[in-house]
Amino acid sequence: MEKTVLSNGLTVITDHNEKAVSTLICYWVKAGGHYETGYPYGIAHFLEHMMFKGTTTRTKERMNELVEECGGRRNAATGNDRTKYFIYTPYDEWKQGVELLTDMVFRSTFPEDEIAKEKNVVIEEIKRAEDYPREYGKRELLRMLSGMHPERASRLGTEATVSSITRSDLLRFHHQFYQPDNIALVVTGHIDHSALVQVLESLSIPKPSEPIPPVILEKLRLCPLDGRTIYIAKDIRQTQLHWGMYGPDIESEDKYAGFIALHVLGGGSASRLRKRIRGDRGLAYDVGASLSPRISEGFITGYVGTNPQRTAEARSIILEELNRLKVEPLQDDELSRAKKSITGRYLIAEDYPEAINARLASKHLYQEEVDPDSFVTRIRAVQADDVLNFAETYLNTDKMLFVQINREGHADSAADAGKEGRSA
């Protein structure tokens, strides 16, 4: 790995693989959906769309032609705490890819006529998410867990907030966050670091006339949870049951025991929830649970899609297994299998250029300790008592939230009612 900070403040990181025949070029911007305080919600994602609509030197048509000419593949994605723009090129076409992507990131123009058209595109994307019950349920769960932070409700925003975005908003957001010292260019695959730096210096990337203060993400303020259920009516045949609670964030050492606890609970084909709900009872096709430690927050979430008449049965099993992790130490063989599965999947993924690129970006943008050897060592060091302590700290069934989507928009049966919440 090589790293250079250019005179304009842009950090350039490369990981060269001599045997690779392609190059992955990725700009990582330290801004995403959680940085939208003071802006119309959804602007980070909408701006990402608008970066493909032309620059001061290239029309959108010409940009598309250049990608085709080199046989490349270009795209982007907006996350909670970062946005990435990437292009894959053959190893001998990386220079064209760098020039094109740099032009997009720093010199996009956001034409008014394109803004109007793209609002319709993003609104259709929002509608698509709402039409998909599982995606919609997970989004509603996270929206409720993030209730003290309305800017974190959804990276997509709403129809109303997206419709309100103006070109002035885009220019202001771009000016605040799309500065060289808030961005990292990470290139993995076949790449010559010194040649890359030379090309970038020649592109005269604009630098702000005065420094712009960095934005520090506030830690998530927690909402009181009491085991209640939010009911949502949709014309579907299954009941979609989502559940969640707060967990450790990315800085907490508790996450390593948490990865094992959630893997045993619902993270694999041999998990406890899958065995009991799908294997033993035949209640569901899909069931699972996971831990998501993030920069400023951590969530523990789970899901099951089941027969409306048997939702109470599935919910009861989930609660039983959550409580079981708090009182019953993992047996050595179950703990060992979980460690091998987690580390094995992690190490296999690390051979992919995308994973290497993302790891290097995370280490630079947020100083995340994501070294593969360190991760494996920490997972292997987890003991059964650590999992018990994690469960006792975080897996409190009276401090969780359910989101239940079904045709009626209320409890499927008296046994399902429990602590009822609002209907949507």
# chains A, B, ... in the order shown; residues from 1 in each chain; ligands from 1

$ residues_around --residues "A:Thr397" --least-positions-apart "2" --cutoff "8 Å" --atoms "only C-alpha atoms" --output "short mmCIF file (atom, residue, chain, number, x, y, z; two decimals) with N, CA, C and O atoms, in the first residue's frame"
data_model
loop_
_atom_site.label_atom_id
_atom_site.label_comp_id
_atom_site.auth_asym_id
_atom_site.auth_seq_id
_atom_site.Cartn_x
_atom_site.Cartn_y
_atom_site.Cartn_z
N GLY A 227 -40.40 -2.78 24.05
CA GLY A 227 -40.95 -4.02 23.52
C GLY A 227 -42.22 -3.85 22.71
O GLY A 227 -42.87 -4.84 22.36
N LEU A 319 -37.97 -14.38 21.00
CA LEU A 319 -37.76 -13.91 22.37
C LEU A 319 -37.07 -14.98 23.22
O LEU A 319 -36.18 -14.67 24.02
N LEU A 322 -33.35 -15.08 22.25
CA LEU A 322 -32.64 -13.91 22.75
C LEU A 322 -32.33 -14.09 24.24
O LEU A 322 -31.21 -13.84 24.70
N ASN A 323 -33.31 -14.53 25.00
CA ASN A 323 -33.10 -14.73 26.43
C ASN A 323 -32.16 -15.90 26.71
O ASN A 323 -31.39 -15.87 27.68
N LEU A 395 -29.00 -7.54 24.71
CA LEU A 395 -30.16 -8.30 24.24
C LEU A 395 -31.28 -8.29 25.27
O LEU A 395 -31.70 -9.33 25.81
N LYS A 399 -36.37 -3.94 25.92
CA LYS A 399 -35.83 -2.73 25.31
C LYS A 399 -35.56 -2.99 23.83
O LYS A 399 -34.43 -2.88 23.35
N MET A 400 -36.64 -3.40 23.15
CA MET A 400 -36.54 -3.66 21.72
C MET A 400 -37.81 -3.15 21.06
O MET A 400 -38.75 -2.71 21.73
#

$ residues_around --residues "A:Ile13" --least-positions-apart "2" --cutoff "12 Å" --atoms "only C-alpha atoms" --output "PDB file with N, CA and C atoms, in the first residue's frame"
ATOM      1  N   MET A   1       0.835  -1.192   0.000  1.00  0.00           N
ATOM      2  CA  MET A   1       0.000   0.000   0.000  1.00  0.00           C
ATOM      3  C   MET A   1       0.877   1.251   0.000  1.00  0.00           C
ATOM      4  N   GLU A   2       0.519   2.229  -0.854  1.00  0.00           N
ATOM      5  CA  GLU A   2       1.222   3.511  -0.883  1.00  0.00           C
ATOM      6  C   GLU A   2       0.212   4.637  -0.703  1.00  0.00           C
ATOM      7  N   LYS A   3       0.666   5.708  -0.076  1.00  0.00           N
ATOM      8  CA  LYS A   3      -0.234   6.824   0.236  1.00  0.00           C
ATOM      9  C   LYS A   3       0.487   8.153   0.014  1.00  0.00           C
ATOM     10  N   THR A   4      -0.188   9.087  -0.641  1.00  0.00           N
ATOM     11  CA  THR A   4       0.353  10.418  -0.890  1.00  0.00           C
ATOM     12  C   THR A   4      -0.754  11.444  -0.672  1.00  0.00           C
ATOM     13  N   VAL A   5      -0.445  12.539  -0.008  1.00  0.00           N
ATOM     14  CA  VAL A   5      -1.373  13.662   0.117  1.00  0.00           C
ATOM     15  C   VAL A   5      -0.926  14.735  -0.871  1.00  0.00           C
ATOM     16  N   LEU A   6      -1.778  15.059  -1.814  1.00  0.00           N
ATOM     17  CA  LEU A   6      -1.441  16.042  -2.834  1.00  0.00           C
ATOM     18  C   LEU A   6      -1.403  17.452  -2.249  1.00  0.00           C
ATOM     19  N   LEU A  10      -5.948  16.395  -1.313  1.00  0.00           N
ATOM     20  CA  LEU A  10      -6.532  15.101  -1.656  1.00  0.00           C
ATOM     21  C   LEU A  10      -5.585  13.971  -1.260  1.00  0.00           C
ATOM     22  N   THR A  11      -6.112  12.970  -0.572  1.00  0.00           N
ATOM     23  CA  THR A  11      -5.329  11.795  -0.201  1.00  0.00           C
ATOM     24  C   THR A  11      -5.483  10.722  -1.274  1.00  0.00           C
ATOM     25  N   ASP A  15      -3.192   0.212  -3.825  1.00  0.00           N
ATOM     26  CA  ASP A  15      -2.774  -1.135  -3.457  1.00  0.00           C
ATOM     27  C   ASP A  15      -2.542  -1.878  -4.773  1.00  0.00           C
ATOM     28  N   HIS A  16      -1.297  -2.011  -5.158  1.00  0.00           N
ATOM     29  CA  HIS A  16      -0.945  -2.548  -6.464  1.00  0.00           C
ATOM     30  C   HIS A  16      -0.886  -4.069  -6.455  1.00  0.00           C
ATOM     31  N   LEU A  24      -9.488  -0.808 -10.231  1.00  0.00           N
ATOM     32  CA  LEU A  24     -10.675  -0.231  -9.600  1.00  0.00           C
ATOM     33  C   LEU A  24     -10.296   1.133  -9.041  1.00  0.00           C
ATOM     34  N   ILE A  25     -10.933   2.166  -9.571  1.00  0.00           N
ATOM     35  CA  ILE A  25     -10.672   3.551  -9.175  1.00  0.00           C
ATOM     36  C   ILE A  25     -11.895   4.047  -8.412  1.00  0.00           C
ATOM     37  N   CYS A  26     -11.707   4.493  -7.189  1.00  0.00           N
ATOM     38  CA  CYS A  26     -12.858   4.846  -6.356  1.00  0.00           C
ATOM     39  C   CYS A  26     -12.587   6.110  -5.552  1.00  0.00           C
ATOM     40  N   TYR A  27     -13.441   7.118  -5.754  1.00  0.00           N
ATOM     41  CA  TYR A  27     -13.436   8.316  -4.915  1.00  0.00           C
ATOM     42  C   TYR A  27     -14.378   8.086  -3.748  1.00  0.00           C
ATOM     43  N   TRP A  28     -13.898   8.291  -2.525  1.00  0.00           N
ATOM     44  CA  TRP A  28     -14.694   8.156  -1.314  1.00  0.00           C
ATOM     45  C   TRP A  28     -14.849   9.540  -0.669  1.00  0.00           C
ATOM     46  N   ILE A 183     -11.932  13.994   1.014  1.00  0.00           N
ATOM     47  CA  ILE A 183     -12.103  12.925   0.030  1.00  0.00           C
ATOM     48  C   ILE A 183     -10.822  12.088  -0.047  1.00  0.00           C
ATOM     49  N   ALA A 184     -10.999  10.819  -0.300  1.00  0.00           N
ATOM     50  CA  ALA A 184      -9.858   9.939  -0.575  1.00  0.00           C
ATOM     51  C   ALA A 184     -10.071   9.260  -1.922  1.00  0.00           C
ATOM     52  N   LEU A 185      -9.021   9.210  -2.719  1.00  0.00           N
ATOM     53  CA  LEU A 185      -9.035   8.426  -3.952  1.00  0.00           C
ATOM     54  C   LEU A 185      -8.272   7.142  -3.661  1.00  0.00           C
ATOM     55  N   VAL A 186      -8.982   6.020  -3.736  1.00  0.00           N
ATOM     56  CA  VAL A 186      -8.365   4.723  -3.467  1.00  0.00           C
ATOM     57  C   VAL A 186      -8.404   3.902  -4.744  1.00  0.00           C
ATOM     58  N   VAL A 187      -7.245   3.408  -5.159  1.00  0.00           N
ATOM     59  CA  VAL A 187      -7.137   2.637  -6.402  1.00  0.00           C
ATOM     60  C   VAL A 187      -6.530   1.279  -6.074  1.00  0.00           C
ATOM     61  N   THR A 188      -7.248   0.224  -6.472  1.00  0.00           N
ATOM     62  CA  THR A 188      -6.767  -1.136  -6.227  1.00  0.00           C
ATOM     63  C   THR A 188      -6.720  -1.902  -7.546  1.00  0.00           C
ATOM     64  N   GLY A 189      -5.888  -2.930  -7.563  1.00  0.00           N
ATOM     65  CA  GLY A 189      -5.683  -3.675  -8.801  1.00  0.00           C
ATOM     66  C   GLY A 189      -4.340  -3.309  -9.395  1.00  0.00           C
ATOM     67  N   ILE A 191      -1.953  -0.809 -10.775  1.00  0.00           N
ATOM     68  CA  ILE A 191      -1.805   0.649 -10.781  1.00  0.00           C
ATOM     69  C   ILE A 191      -0.385   1.044 -10.393  1.00  0.00           C
ATOM     70  N   ASP A 192       0.133   2.057 -11.069  1.00  0.00           N
ATOM     71  CA  ASP A 192       1.442   2.636 -10.758  1.00  0.00           C
ATOM     72  C   ASP A 192       1.199   3.885  -9.918  1.00  0.00           C
ATOM     73  N   HIS A 193       1.588   3.848  -8.648  1.00  0.00           N
ATOM     74  CA  HIS A 193       1.265   4.936  -7.728  1.00  0.00           C
ATOM     75  C   HIS A 193       1.857   6.276  -8.174  1.00  0.00           C
ATOM     76  N   SER A 194       3.130   6.280  -8.499  1.00  0.00           N
ATOM     77  CA  SER A 194       3.783   7.541  -8.870  1.00  0.00           C
ATOM     78  C   SER A 194       3.183   8.128 -10.141  1.00  0.00           C
ATOM     79  N   LEU A 196       0.104   7.682 -11.148  1.00  0.00           N
ATOM     80  CA  LEU A 196      -1.216   8.174 -10.759  1.00  0.00           C
ATOM     81  C   LEU A 196      -1.113   9.554 -10.120  1.00  0.00           C
ATOM     82  N   VAL A 197      -0.192   9.720  -9.202  1.00  0.00           N
ATOM     83  CA  VAL A 197      -0.007  11.013  -8.541  1.00  0.00           C
ATOM     84  C   VAL A 197       0.332  12.090  -9.566  1.00  0.00           C
ATOM     85  N   ILE A 356     -10.808  -4.699  -0.500  1.00  0.00           N
ATOM     86  CA  ILE A 356      -9.535  -4.041  -0.210  1.00  0.00           C
ATOM     87  C   ILE A 356      -9.701  -2.534  -0.317  1.00  0.00           C
ATOM     88  N   ASN A 357     -10.383  -2.086  -1.376  1.00  0.00           N
ATOM     89  CA  ASN A 357     -10.595  -0.660  -1.602  1.00  0.00           C
ATOM     90  C   ASN A 357     -11.382  -0.044  -0.447  1.00  0.00           C
ATOM     91  N   ALA A 358     -12.469  -0.699  -0.042  1.00  0.00           N
ATOM     92  CA  ALA A 358     -13.308  -0.178   1.044  1.00  0.00           C
ATOM     93  C   ALA A 358     -12.560  -0.162   2.370  1.00  0.00           C
ATOM     94  N   ARG A 359     -11.751  -1.183   2.622  1.00  0.00           N
ATOM     95  CA  ARG A 359     -10.991  -1.235   3.872  1.00  0.00           C
ATOM     96  C   ARG A 359     -10.001  -0.084   3.971  1.00  0.00           C
ATOM     97  N   LEU A 360      -9.285   0.183   2.875  1.00  0.00           N
ATOM     98  CA  LEU A 360      -8.319   1.278   2.879  1.00  0.00           C
ATOM     99  C   LEU A 360      -9.011   2.626   3.045  1.00  0.00           C
ATOM    100  N   ALA A 361     -10.193   2.769   2.431  1.00  0.00           N
ATOM    101  CA  ALA A 361     -10.948   4.010   2.567  1.00  0.00           C
ATOM    102  C   ALA A 361     -11.418   4.210   4.006  1.00  0.00           C
ATOM    103  N   SER A 362     -11.929   3.160   4.623  1.00  0.00           N
ATOM    104  CA  SER A 362     -12.421   3.259   6.003  1.00  0.00           C
ATOM    105  C   SER A 362     -11.310   3.638   6.967  1.00  0.00           C
ATOM    106  N   LYS A 363     -10.148   3.057   6.736  1.00  0.00           N
ATOM    107  CA  LYS A 363      -9.014   3.352   7.620  1.00  0.00           C
ATOM    108  C   LYS A 363      -8.622   4.811   7.523  1.00  0.00           C
ATOM    109  N   HIS A 364      -8.702   5.381   6.319  1.00  0.00           N
ATOM    110  CA  HIS A 364      -8.339   6.786   6.152  1.00  0.00           C
ATOM    111  C   HIS A 364      -9.447   7.733   6.617  1.00  0.00           C
ATOM    112  N   LEU A 365     -10.692   7.492   6.181  1.00  0.00           N
ATOM    113  CA  LEU A 365     -11.773   8.434   6.471  1.00  0.00           C
ATOM    114  C   LEU A 365     -12.141   8.471   7.949  1.00  0.00           C
TER     115      LEU A 365
END

$ residues_around --residues "stretch 44-61 of chain A" --least-positions-apart "4" --cutoff "6 Å" --atoms "only C-alpha atoms" --output "number ranges by chain"
A: 32-33, 78, 104, 107-110

$ atom_distance --atom1 "atom CA of A:Ala77" --atom2 "atom CA of A:Tyr178"
15.0 Å

$ closest_residue --among "A:Ala391, A:Ile205, A:Ile379, A:Leu222" --to "A:Ser7" --atoms "only C-alpha atoms"
A:Ile205

$ closest_residue --among "A:Pro208, A:Gly137, A:Gly268, A:Pro224" --to "A:Tyr303" --atoms "only C-alpha atoms"
A:Gly137

$ closest_residue --among "A:Ala31, A:Val21, A:Leu265, A:Leu220" --to "A:Gly79" --atoms "only C-alpha atoms"
A:Ala31

$ closest_residue --among "A:Leu283, A:Ala233, A:Leu325, A:Val98" --to "A:Tyr394" --atoms "only C-alpha atoms"
A:Leu325

$ select_by_dssp --residues "stretch 120-304 of chain A" --states "helix (DSSP H, G or I)" --output "PyMOL selection string"
chain A and resi 120-131+133-145+150-152+159-164+167-177+180-182+193-202+254-266+272-280

$ closest_atom_pairs --of "stretch 281-335 of chain A" --to "stretch 246-249 of chain A" --cutoff "7 Å" --atoms "only C-alpha atoms" --output "JSON lines"
{"residue": "A:Pro293", "atom": "CA", "partner": "A:Asp249", "partner_atom": "CA", "distance": 4.3}
{"residue": "A:Arg294", "atom": "CA", "partner": "A:Asp249", "partner_atom": "CA", "distance": 5.2}
{"residue": "A:Ile295", "atom": "CA", "partner": "A:Asp249", "partner_atom": "CA", "distance": 6.3}
{"residue": "A:Ser296", "atom": "CA", "partner": "A:Asp249", "partner_atom": "CA", "distance": 6.3}
{"residue": "A:Glu297", "atom": "CA", "partner": "A:Asp249", "partner_atom": "CA", "distance": 4.8}
{"residue": "A:Gly298", "atom": "CA", "partner": "A:Asp249", "partner_atom": "CA", "distance": 4.3}
{"residue": "A:Phe299", "atom": "CA", "partner": "A:Tyr246", "partner_atom": "CA", "distance": 4.7}
{"residue": "A:Ile300", "atom": "CA", "partner": "A:Gly247", "partner_atom": "CA", "distance": 5.6}

$ write_last_selection --atoms "C-alpha atoms" --output "JSON list (two decimals), in the first residue's frame"
[["chain", "number", "residue", "atom", "x", "y", "z"],
["A", 293, "PRO", "CA", -21.88, -1.50, 14.17],
["A", 294, "ARG", "CA", -21.54, 1.87, 12.42],
["A", 295, "ILE", "CA", -19.58, 5.08, 12.84],
["A", 296, "SER", "CA", -22.01, 6.83, 15.19],
["A", 297, "GLU", "CA", -24.48, 4.09, 16.06],
["A", 298, "GLY", "CA", -25.02, 0.36, 16.36],
["A", 299, "PHE", "CA", -28.11, -1.73, 15.62],
["A", 300, "ILE", "CA", -29.11, -5.32, 16.31]]
